[in-house]
Amino acid sequence: MPIFRSLLLILLVASLPGLLPAQPNTAYVLKPARVFDGENLHPGWWVVVQQDRITGAGPAGSVAVPPGATVVDLPGATLLPGLIEGHSHLFLHPYNETSWDDQVLRESRAERTARAVVHAEKTLRAGFTTVRDLGTEGAGYDDVGLKTAIAKGVIAGPRMLVATRALVATGSYAPKGFVPEMEVPQGAEEADGTDGLVRAVRNQIGKGADLIKVYADYRWGLNGDAQPTFSVEELKLIVETARSSGRPVVAHASTAEGMRRASLAGVQTVEHGDGGTPEVFRLMAKNGTALCPTIAAGDAVLQYRGWKKGVDPEPARIAEKKRSFRAALDAGVKVCFGGDVGVFAHGDNARELELMVEYGMKPPETLRAATSVNADVFGLGAKLGRIRPGLLADLVAVAGDPTKDIKAMRQVKLVMKDGVVYRQP
């Protein structure tokens, strides 16, 4: 089966339309109208790339240009660091195509891997050169194989930080609704108690996890409402076990209590945070817990269920999300960029940027979230997230100025990862 999957990956990537082959690393001089360096905007800058690194960035004529460098003119464009997607599921596709349950129970692992290859290529071509992939949702450790294939150059895609199976409290997750005597495959790994949690965390690390994802709450209340799952002590044990290997823990949490427990336990980020209160967000800010708001996922799901955005009244869930997002900003919580892409289409990642602006952030703040902030929070700031000499040459150019109009992020003109061009004018 592993050999079959490898052959499938190779055959599939060979058939992908519009994919540029990876060129040998060379030298480039990129001449956009302006550069957003991950923090600030600089009109008239040039950027020099040699091999896989940025070697120069500054006003036109002030940077050293290596002999024989390829000049890439980008008139009217803005050059940014390669974007970092903070919450992705490359092994999922939009729920209006196939429900989550049916993806987990009815799609083969081979099919899901094939889809993930396509999703990875679409993500890269959209300008997202790095992703944090937060769980395969029933596809085991196949994200480790996908990450390896990308790193080896077998297929094109973003560099990946993978969470593998994710951790859930026994009885809390899904699929559900079957007779009690039927053993149904779960979308994450069930584990409980000291021995069980330590063993599960260590096993996922041993299988290749870059981080551990835990569900601090889920929809398992008496009426299907979201309620906390693990205790603070259990969450602290998960964090301590992962941290001893140098790995962070991220927590799915949409209730105020789940978020509170996760922040007290020392997780790196809280994912979703829909029901966050000012008090919880102040705690997160105090503890240095960042928020990955995943606005686009909730927006998409409500539209799948019939909400006609711009026509129908705003659903209560949207109003609540706007309030909680504003409360997070007011509390000074560090906000990451991550849309829970997979719930909606891969390659449409910029949808989250647009909604972050719609919900109250300024365009430059959202661009920082998708570049320097994500790089720093995810422990990648020494090599990614900014345009600075010595950092990896992950770059994306878009038409127009996204610091004024965030919709410009959809007009991708050039994508470079590790000094290799994957999309060009």
# chains A, B, ... in the order shown; residues from 1 in each chain; ligands from 1
$ residues_around --residues "Thr130 (chain A)" --least-positions-apart "5" --cutoff "10 Å" --atoms "only C-alpha atoms" --output "PyMOL selection string"
chain A and resi 82-86+123-124+157-161+371+375+384-385+394+417
$ residues_around --residues "Asn374 (chain A)" --least-positions-apart "4" --cutoff "8 Å" --atoms "only C-alpha atoms" --output "number ranges by chain"
A: 84, 86, 336-337, 368-370, 378, 380, 385
$ select_by_dssp --residues "region 294-410 of chain A" --states "helix (DSSP H, G or I)" --output "PyMOL selection string"
chain A and resi 295-304+316-331+350-358+363-377+406-410
$ write_last_selection --atoms "C-alpha atoms" --output "tab-separated table (two decimals), in the first residue's frame"
chain	number	residue	atom	x	y	z
A	295	ILE	CA	-13.58	33.17	10.69
A	296	ALA	CA	-13.93	31.82	7.17
A	297	ALA	CA	-14.91	28.32	8.28
A	298	GLY	CA	-17.98	29.45	10.22
A	299	ASP	CA	-18.93	31.85	7.46
A	300	ALA	CA	-18.72	29.03	4.90
A	301	VAL	CA	-20.67	26.48	6.96
A	302	LEU	CA	-23.57	28.88	7.48
A	303	GLN	CA	-23.71	29.53	3.75
A	304	TYR	CA	-23.73	25.78	3.10
A	316	ALA	CA	-26.63	35.00	15.53
A	317	ARG	CA	-23.47	32.92	15.15
A	318	ILE	CA	-21.93	35.58	12.90
A	319	ALA	CA	-22.86	38.37	15.30
A	320	GLU	CA	-21.33	36.40	18.19
A	321	LYS	CA	-18.13	35.80	16.21
A	322	LYS	CA	-17.80	39.49	15.42
A	323	ARG	CA	-18.21	40.33	19.11
A	324	SER	CA	-15.67	37.76	20.26
A	325	PHE	CA	-13.13	38.76	17.59
A	326	ARG	CA	-13.43	42.40	18.60
A	327	ALA	CA	-13.06	41.43	22.27
A	328	ALA	CA	-9.84	39.57	21.42
A	329	LEU	CA	-8.45	42.62	19.63
A	330	ASP	CA	-9.47	44.91	22.48
A	331	ALA	CA	-7.78	42.62	25.01
A	350	ALA	CA	-7.34	34.73	1.18
A	351	ARG	CA	-10.99	34.51	2.17
A	352	GLU	CA	-9.86	34.61	5.81
A	353	LEU	CA	-7.84	37.78	5.22
A	354	GLU	CA	-10.87	39.51	3.75
A	355	LEU	CA	-13.07	38.49	6.67
A	356	MET	CA	-10.50	39.59	9.24
A	357	VAL	CA	-10.71	43.06	7.70
A	358	GLU	CA	-14.51	42.87	7.55
A	363	PRO	CA	-5.32	45.38	6.15
A	364	PRO	CA	-1.68	45.83	7.28
A	365	GLU	CA	-2.51	44.02	10.54
A	366	THR	CA	-3.93	41.05	8.66
A	367	LEU	CA	-0.85	40.92	6.42
A	368	ARG	CA	1.37	40.88	9.51
A	369	ALA	CA	-0.77	38.08	10.94
A	370	ALA	CA	-0.20	35.98	7.81
A	371	THR	CA	3.55	36.64	7.73
A	372	SER	CA	5.65	37.86	10.65
A	373	VAL	CA	3.14	37.15	13.43
A	374	ASN	CA	2.51	33.57	12.35
A	375	ALA	CA	6.23	33.02	11.84
A	376	ASP	CA	7.03	34.25	15.35
A	377	VAL	CA	4.17	32.41	17.08
A	406	ILE	CA	-6.99	43.38	0.98
A	407	LYS	CA	-8.73	41.90	-2.07
A	408	ALA	CA	-5.46	42.44	-3.95
A	409	MET	CA	-4.22	39.27	-2.21
A	410	ARG	CA	-6.27	37.26	-4.70
$ closest_atom_pairs --of "region 148-232 of chain A" --to "region 249-268 of chain A" --cutoff "9 Å" --atoms "only C-alpha atoms" --output "tab-separated table"
residue	atom	partner	partner_atom	distance
A:Leu211	CA	A:Val249	CA	5.8
A:Ile212	CA	A:Val249	CA	4.7
A:Lys213	CA	A:Val250	CA	4.8
A:Val214	CA	A:Ala251	CA	4.9
A:Tyr215	CA	A:His252	CA	4.7
A:Ala216	CA	A:Gly258	CA	5.3
A:Asp217	CA	A:Gly258	CA	5.4
A:Tyr218	CA	A:Ala253	CA	7.6
A:Ala226	CA	A:Thr255	CA	6.8
A:Gln227	CA	A:Thr255	CA	6.9
A:Pro228	CA	A:Gly258	CA	5.0
A:Thr229	CA	A:Gly258	CA	7.7
A:Phe230	CA	A:Gly258	CA	8.4
A:Ser231	CA	A:Arg261	CA	7.2
A:Val232	CA	A:Arg261	CA	5.2
$ closest_residue --among "A:Val63, A:Val270, A:Ala285, A:Val144" --to "Arg165 (chain A)" --atoms "only C-alpha atoms"
A:Val144
$ closest_residue --among "A:Ala397, A:Ala116, A:Val29, A:Ile205" --to "Gln51 (chain A)" --atoms "only C-alpha atoms"
A:Val29
$ select_by_dssp --residues "region 233-357 of chain A" --states "strand (DSSP E or B)" --output "ChimeraX atom specification"
/A:249-253,269-272,290-292,335,341
$ residues_around --residues "Thr26 (chain A)" --least-positions-apart "6" --cutoff "12 Å" --atoms "only C-alpha atoms" --output "PyMOL selection string"
chain A and resi 48-54+66-71+393+416+418-421
$ write_last_selection --atoms "N, CA and C atoms" --output "PDB file, in the first residue's frame"
ATOM      1  N   VAL A  48      16.801  40.972  -3.679  1.00  0.00           N
ATOM      2  CA  VAL A  48      17.743  40.090  -4.364  1.00  0.00           C
ATOM      3  C   VAL A  48      17.709  38.712  -3.712  1.00  0.00           C
ATOM      4  N   VAL A  49      17.652  37.684  -4.535  1.00  0.00           N
ATOM      5  CA  VAL A  49      17.635  36.290  -4.083  1.00  0.00           C
ATOM      6  C   VAL A  49      18.795  35.552  -4.720  1.00  0.00           C
ATOM      7  N   GLN A  50      19.538  34.808  -3.929  1.00  0.00           N
ATOM      8  CA  GLN A  50      20.568  33.906  -4.434  1.00  0.00           C
ATOM      9  C   GLN A  50      20.386  32.547  -3.778  1.00  0.00           C
ATOM     10  N   GLN A  51      20.360  31.522  -4.632  1.00  0.00           N
ATOM     11  CA  GLN A  51      20.072  30.178  -4.156  1.00  0.00           C
ATOM     12  C   GLN A  51      18.741  30.200  -3.411  1.00  0.00           C
ATOM     13  N   ASP A  52      18.713  29.770  -2.150  1.00  0.00           N
ATOM     14  CA  ASP A  52      17.439  29.696  -1.428  1.00  0.00           C
ATOM     15  C   ASP A  52      17.259  30.825  -0.423  1.00  0.00           C
ATOM     16  N   ARG A  53      18.107  31.870  -0.497  1.00  0.00           N
ATOM     17  CA  ARG A  53      18.081  32.929   0.516  1.00  0.00           C
ATOM     18  C   ARG A  53      17.859  34.311  -0.087  1.00  0.00           C
ATOM     19  N   ILE A  54      17.284  35.176   0.720  1.00  0.00           N
ATOM     20  CA  ILE A  54      17.249  36.600   0.409  1.00  0.00           C
ATOM     21  C   ILE A  54      18.613  37.168   0.781  1.00  0.00           C
ATOM     22  N   PRO A  66      23.952  40.451  -8.060  1.00  0.00           N
ATOM     23  CA  PRO A  66      24.965  39.498  -8.524  1.00  0.00           C
ATOM     24  C   PRO A  66      25.014  39.428 -10.044  1.00  0.00           C
ATOM     25  N   PRO A  67      26.187  39.220 -10.621  1.00  0.00           N
ATOM     26  CA  PRO A  67      26.299  39.113 -12.078  1.00  0.00           C
ATOM     27  C   PRO A  67      25.429  37.984 -12.622  1.00  0.00           C
ATOM     28  N   GLY A  68      24.735  38.261 -13.719  1.00  0.00           N
ATOM     29  CA  GLY A  68      23.927  37.230 -14.368  1.00  0.00           C
ATOM     30  C   GLY A  68      22.591  36.962 -13.710  1.00  0.00           C
ATOM     31  N   ALA A  69      22.231  37.784 -12.741  1.00  0.00           N
ATOM     32  CA  ALA A  69      20.949  37.563 -12.058  1.00  0.00           C
ATOM     33  C   ALA A  69      19.792  37.792 -13.018  1.00  0.00           C
ATOM     34  N   THR A  70      18.739  36.996 -12.862  1.00  0.00           N
ATOM     35  CA  THR A  70      17.518  37.161 -13.640  1.00  0.00           C
ATOM     36  C   THR A  70      16.704  38.296 -13.055  1.00  0.00           C
ATOM     37  N   VAL A  71      16.386  39.279 -13.891  1.00  0.00           N
ATOM     38  CA  VAL A  71      15.595  40.423 -13.437  1.00  0.00           C
ATOM     39  C   VAL A  71      14.114  40.119 -13.656  1.00  0.00           C
ATOM     40  N   ALA A 393      14.119  32.433   0.929  1.00  0.00           N
ATOM     41  CA  ALA A 393      13.490  33.187  -0.153  1.00  0.00           C
ATOM     42  C   ALA A 393      12.110  32.622  -0.456  1.00  0.00           C
ATOM     43  N   MET A 416       7.364  32.216  -5.010  1.00  0.00           N
ATOM     44  CA  MET A 416       8.694  31.625  -4.876  1.00  0.00           C
ATOM     45  C   MET A 416       8.786  30.959  -3.508  1.00  0.00           C
ATOM     46  N   ASP A 418      11.778  28.817  -1.227  1.00  0.00           N
ATOM     47  CA  ASP A 418      13.177  28.378  -1.175  1.00  0.00           C
ATOM     48  C   ASP A 418      13.954  28.802  -2.419  1.00  0.00           C
ATOM     49  N   GLY A 419      13.624  29.970  -2.969  1.00  0.00           N
ATOM     50  CA  GLY A 419      14.333  30.479  -4.137  1.00  0.00           C
ATOM     51  C   GLY A 419      13.921  29.867  -5.449  1.00  0.00           C
ATOM     52  N   VAL A 420      12.924  28.991  -5.448  1.00  0.00           N
ATOM     53  CA  VAL A 420      12.441  28.347  -6.658  1.00  0.00           C
ATOM     54  C   VAL A 420      11.094  28.963  -7.034  1.00  0.00           C
ATOM     55  N   VAL A 421      10.936  29.343  -8.292  1.00  0.00           N
ATOM     56  CA  VAL A 421       9.708  29.975  -8.767  1.00  0.00           C
ATOM     57  C   VAL A 421       8.688  28.894  -9.138  1.00  0.00           C
TER      58      VAL A 421
END
$ residues_around --residues "Pro389 (chain A)" --least-positions-apart "3" --cutoff "7 Å" --atoms "only C-alpha atoms" --output "list of chain:residue names"
A:Ile54, A:Thr55, A:Gly56, A:Ala57
$ atom_distance --atom1 "CA of Val396 (chain A)" --atom2 "CA of Leu92 (chain A)"
25.0 Å
$ closest_residue --among "A:Arg423, A:Lys413, A:Lys362, A:Arg219" --to "Asp73 (chain A)" --atoms "only C-alpha atoms"
A:Lys413
$ closest_residue --among "A:Val131, A:Val117, A:Gly140, A:Trp220" --to "Lys207 (chain A)" --atoms "only C-alpha atoms"
A:Gly140
$ closest_residue --among "A:Asn223, A:Ile238, A:Thr164, A:Ile150" --to "Gly193 (chain A)" --atoms "only C-alpha atoms"
A:Ile238
$ atom_distance --atom1 "CA of Glu190 (chain A)" --atom2 "CA of Gly208 (chain A)"
18.1 Å
$ atom_distance --atom1 "CA of Gly381 (chain A)" --atom2 "CA of Ser244 (chain A)"
20.9 Å
$ closest_residue --among "A:His89, A:Arg386, A:Arg282, A:Arg132" --to "Arg115 (chain A)" --atoms "only C-alpha atoms"
A:His89
$ decode --residues "region 285-318 of chain A" --atoms "N, CA and C atoms" --output "PDB file, in the first residue's frame"
ATOM      1  N   ALA A 285      -4.147  36.945  26.743  1.00  0.00           N
ATOM      2  CA  ALA A 285      -3.136  37.967  26.515  1.00  0.00           C
ATOM      3  C   ALA A 285      -2.065  37.919  27.602  1.00  0.00           C
ATOM      4  N   LYS A 286      -2.494  37.738  28.851  1.00  0.00           N
ATOM      5  CA  LYS A 286      -1.551  37.663  29.972  1.00  0.00           C
ATOM      6  C   LYS A 286      -0.628  36.460  29.842  1.00  0.00           C
ATOM      7  N   ASN A 287      -1.183  35.320  29.401  1.00  0.00           N
ATOM      8  CA  ASN A 287      -0.407  34.083  29.315  1.00  0.00           C
ATOM      9  C   ASN A 287       0.335  33.925  27.994  1.00  0.00           C
ATOM     10  N   GLY A 288       0.141  34.862  27.060  1.00  0.00           N
ATOM     11  CA  GLY A 288       0.810  34.759  25.771  1.00  0.00           C
ATOM     12  C   GLY A 288       0.209  33.723  24.849  1.00  0.00           C
ATOM     13  N   THR A 289      -1.067  33.417  25.044  1.00  0.00           N
ATOM     14  CA  THR A 289      -1.766  32.461  24.190  1.00  0.00           C
ATOM     15  C   THR A 289      -2.351  33.198  22.999  1.00  0.00           C
ATOM     16  N   ALA A 290      -1.950  32.806  21.805  1.00  0.00           N
ATOM     17  CA  ALA A 290      -2.443  33.473  20.595  1.00  0.00           C
ATOM     18  C   ALA A 290      -3.774  32.863  20.157  1.00  0.00           C
ATOM     19  N   LEU A 291      -4.509  33.617  19.353  1.00  0.00           N
ATOM     20  CA  LEU A 291      -5.800  33.179  18.826  1.00  0.00           C
ATOM     21  C   LEU A 291      -5.702  32.995  17.318  1.00  0.00           C
ATOM     22  N   CYS A 292      -6.147  31.859  16.845  1.00  0.00           N
ATOM     23  CA  CYS A 292      -6.297  31.613  15.411  1.00  0.00           C
ATOM     24  C   CYS A 292      -7.802  31.561  15.152  1.00  0.00           C
ATOM     25  N   PRO A 293      -8.422  32.626  14.642  1.00  0.00           N
ATOM     26  CA  PRO A 293      -9.874  32.782  14.732  1.00  0.00           C
ATOM     27  C   PRO A 293     -10.710  31.967  13.758  1.00  0.00           C
ATOM     28  N   THR A 294     -10.146  31.517  12.636  1.00  0.00           N
ATOM     29  CA  THR A 294     -10.881  30.669  11.669  1.00  0.00           C
ATOM     30  C   THR A 294     -12.258  31.242  11.329  1.00  0.00           C
ATOM     31  N   ILE A 295     -12.303  32.526  10.999  1.00  0.00           N
ATOM     32  CA  ILE A 295     -13.578  33.174  10.689  1.00  0.00           C
ATOM     33  C   ILE A 295     -14.225  32.558   9.455  1.00  0.00           C
ATOM     34  N   ALA A 296     -13.402  32.260   8.457  1.00  0.00           N
ATOM     35  CA  ALA A 296     -13.933  31.822   7.166  1.00  0.00           C
ATOM     36  C   ALA A 296     -14.666  30.492   7.259  1.00  0.00           C
ATOM     37  N   ALA A 297     -14.260  29.615   8.170  1.00  0.00           N
ATOM     38  CA  ALA A 297     -14.913  28.316   8.279  1.00  0.00           C
ATOM     39  C   ALA A 297     -16.366  28.465   8.707  1.00  0.00           C
ATOM     40  N   GLY A 298     -16.610  29.246   9.775  1.00  0.00           N
ATOM     41  CA  GLY A 298     -17.983  29.448  10.223  1.00  0.00           C
ATOM     42  C   GLY A 298     -18.827  30.153   9.193  1.00  0.00           C
ATOM     43  N   ASP A 299     -18.236  31.130   8.510  1.00  0.00           N
ATOM     44  CA  ASP A 299     -18.929  31.849   7.456  1.00  0.00           C
ATOM     45  C   ASP A 299     -19.348  30.882   6.344  1.00  0.00           C
ATOM     46  N   ALA A 300     -18.430  29.984   5.970  1.00  0.00           N
ATOM     47  CA  ALA A 300     -18.718  29.026   4.897  1.00  0.00           C
ATOM     48  C   ALA A 300     -19.805  28.039   5.305  1.00  0.00           C
ATOM     49  N   VAL A 301     -19.710  27.497   6.512  1.00  0.00           N
ATOM     50  CA  VAL A 301     -20.671  26.482   6.962  1.00  0.00           C
ATOM     51  C   VAL A 301     -22.088  27.053   6.978  1.00  0.00           C
ATOM     52  N   LEU A 302     -22.233  28.284   7.451  1.00  0.00           N
ATOM     53  CA  LEU A 302     -23.568  28.880   7.475  1.00  0.00           C
ATOM     54  C   LEU A 302     -24.116  29.091   6.068  1.00  0.00           C
ATOM     55  N   GLN A 303     -23.247  29.405   5.135  1.00  0.00           N
ATOM     56  CA  GLN A 303     -23.710  29.535   3.751  1.00  0.00           C
ATOM     57  C   GLN A 303     -24.087  28.180   3.174  1.00  0.00           C
ATOM     58  N   TYR A 304     -23.356  27.138   3.543  1.00  0.00           N
ATOM     59  CA  TYR A 304     -23.731  25.784   3.102  1.00  0.00           C
ATOM     60  C   TYR A 304     -25.130  25.419   3.611  1.00  0.00           C
ATOM     61  N   ARG A 305     -25.461  25.940   4.791  1.00  0.00           N
ATOM     62  CA  ARG A 305     -26.758  25.607   5.400  1.00  0.00           C
ATOM     63  C   ARG A 305     -27.894  26.513   4.921  1.00  0.00           C
ATOM     64  N   GLY A 306     -27.589  27.403   3.979  1.00  0.00           N
ATOM     65  CA  GLY A 306     -28.659  28.178   3.367  1.00  0.00           C
ATOM     66  C   GLY A 306     -28.634  29.669   3.582  1.00  0.00           C
ATOM     67  N   TRP A 307     -27.715  30.176   4.417  1.00  0.00           N
ATOM     68  CA  TRP A 307     -27.637  31.612   4.630  1.00  0.00           C
ATOM     69  C   TRP A 307     -27.157  32.290   3.348  1.00  0.00           C
ATOM     70  N   LYS A 308     -27.900  33.247   2.850  1.00  0.00           N
ATOM     71  CA  LYS A 308     -27.519  34.027   1.672  1.00  0.00           C
ATOM     72  C   LYS A 308     -26.869  35.316   2.164  1.00  0.00           C
ATOM     73  N   LYS A 309     -25.561  35.301   2.189  1.00  0.00           N
ATOM     74  CA  LYS A 309     -24.817  36.435   2.717  1.00  0.00           C
ATOM     75  C   LYS A 309     -25.078  37.673   1.878  1.00  0.00           C
ATOM     76  N   GLY A 310     -25.331  38.789   2.553  1.00  0.00           N
ATOM     77  CA  GLY A 310     -25.624  40.028   1.853  1.00  0.00           C
ATOM     78  C   GLY A 310     -27.083  40.199   1.502  1.00  0.00           C
ATOM     79  N   VAL A 311     -27.856  39.120   1.679  1.00  0.00           N
ATOM     80  CA  VAL A 311     -29.298  39.166   1.384  1.00  0.00           C
ATOM     81  C   VAL A 311     -30.100  38.889   2.648  1.00  0.00           C
ATOM     82  N   ASP A 312     -29.798  37.763   3.298  1.00  0.00           N
ATOM     83  CA  ASP A 312     -30.499  37.383   4.520  1.00  0.00           C
ATOM     84  C   ASP A 312     -29.949  38.141   5.725  1.00  0.00           C
ATOM     85  N   PRO A 313     -30.749  38.256   6.783  1.00  0.00           N
ATOM     86  CA  PRO A 313     -30.232  38.855   8.024  1.00  0.00           C
ATOM     87  C   PRO A 313     -29.020  38.076   8.535  1.00  0.00           C
ATOM     88  N   GLU A 314     -28.185  38.755   9.257  1.00  0.00           N
ATOM     89  CA  GLU A 314     -26.969  38.140   9.787  1.00  0.00           C
ATOM     90  C   GLU A 314     -27.313  37.117  10.864  1.00  0.00           C
ATOM     91  N   PRO A 315     -26.866  35.867  10.742  1.00  0.00           N
ATOM     92  CA  PRO A 315     -27.160  34.862  11.768  1.00  0.00           C
ATOM     93  C   PRO A 315     -26.536  35.235  13.112  1.00  0.00           C
ATOM     94  N   ALA A 316     -27.131  34.717  14.176  1.00  0.00           N
ATOM     95  CA  ALA A 316     -26.634  35.004  15.528  1.00  0.00           C
ATOM     96  C   ALA A 316     -25.194  34.554  15.687  1.00  0.00           C
ATOM     97  N   ARG A 317     -24.838  33.442  15.039  1.00  0.00           N
ATOM     98  CA  ARG A 317     -23.467  32.923  15.154  1.00  0.00           C
ATOM     99  C   ARG A 317     -22.454  33.918  14.570  1.00  0.00           C
ATOM    100  N   ILE A 318     -22.828  34.590  13.495  1.00  0.00           N
ATOM    101  CA  ILE A 318     -21.933  35.577  12.903  1.00  0.00           C
ATOM    102  C   ILE A 318     -21.793  36.787  13.823  1.00  0.00           C
TER     103      ILE A 318
END
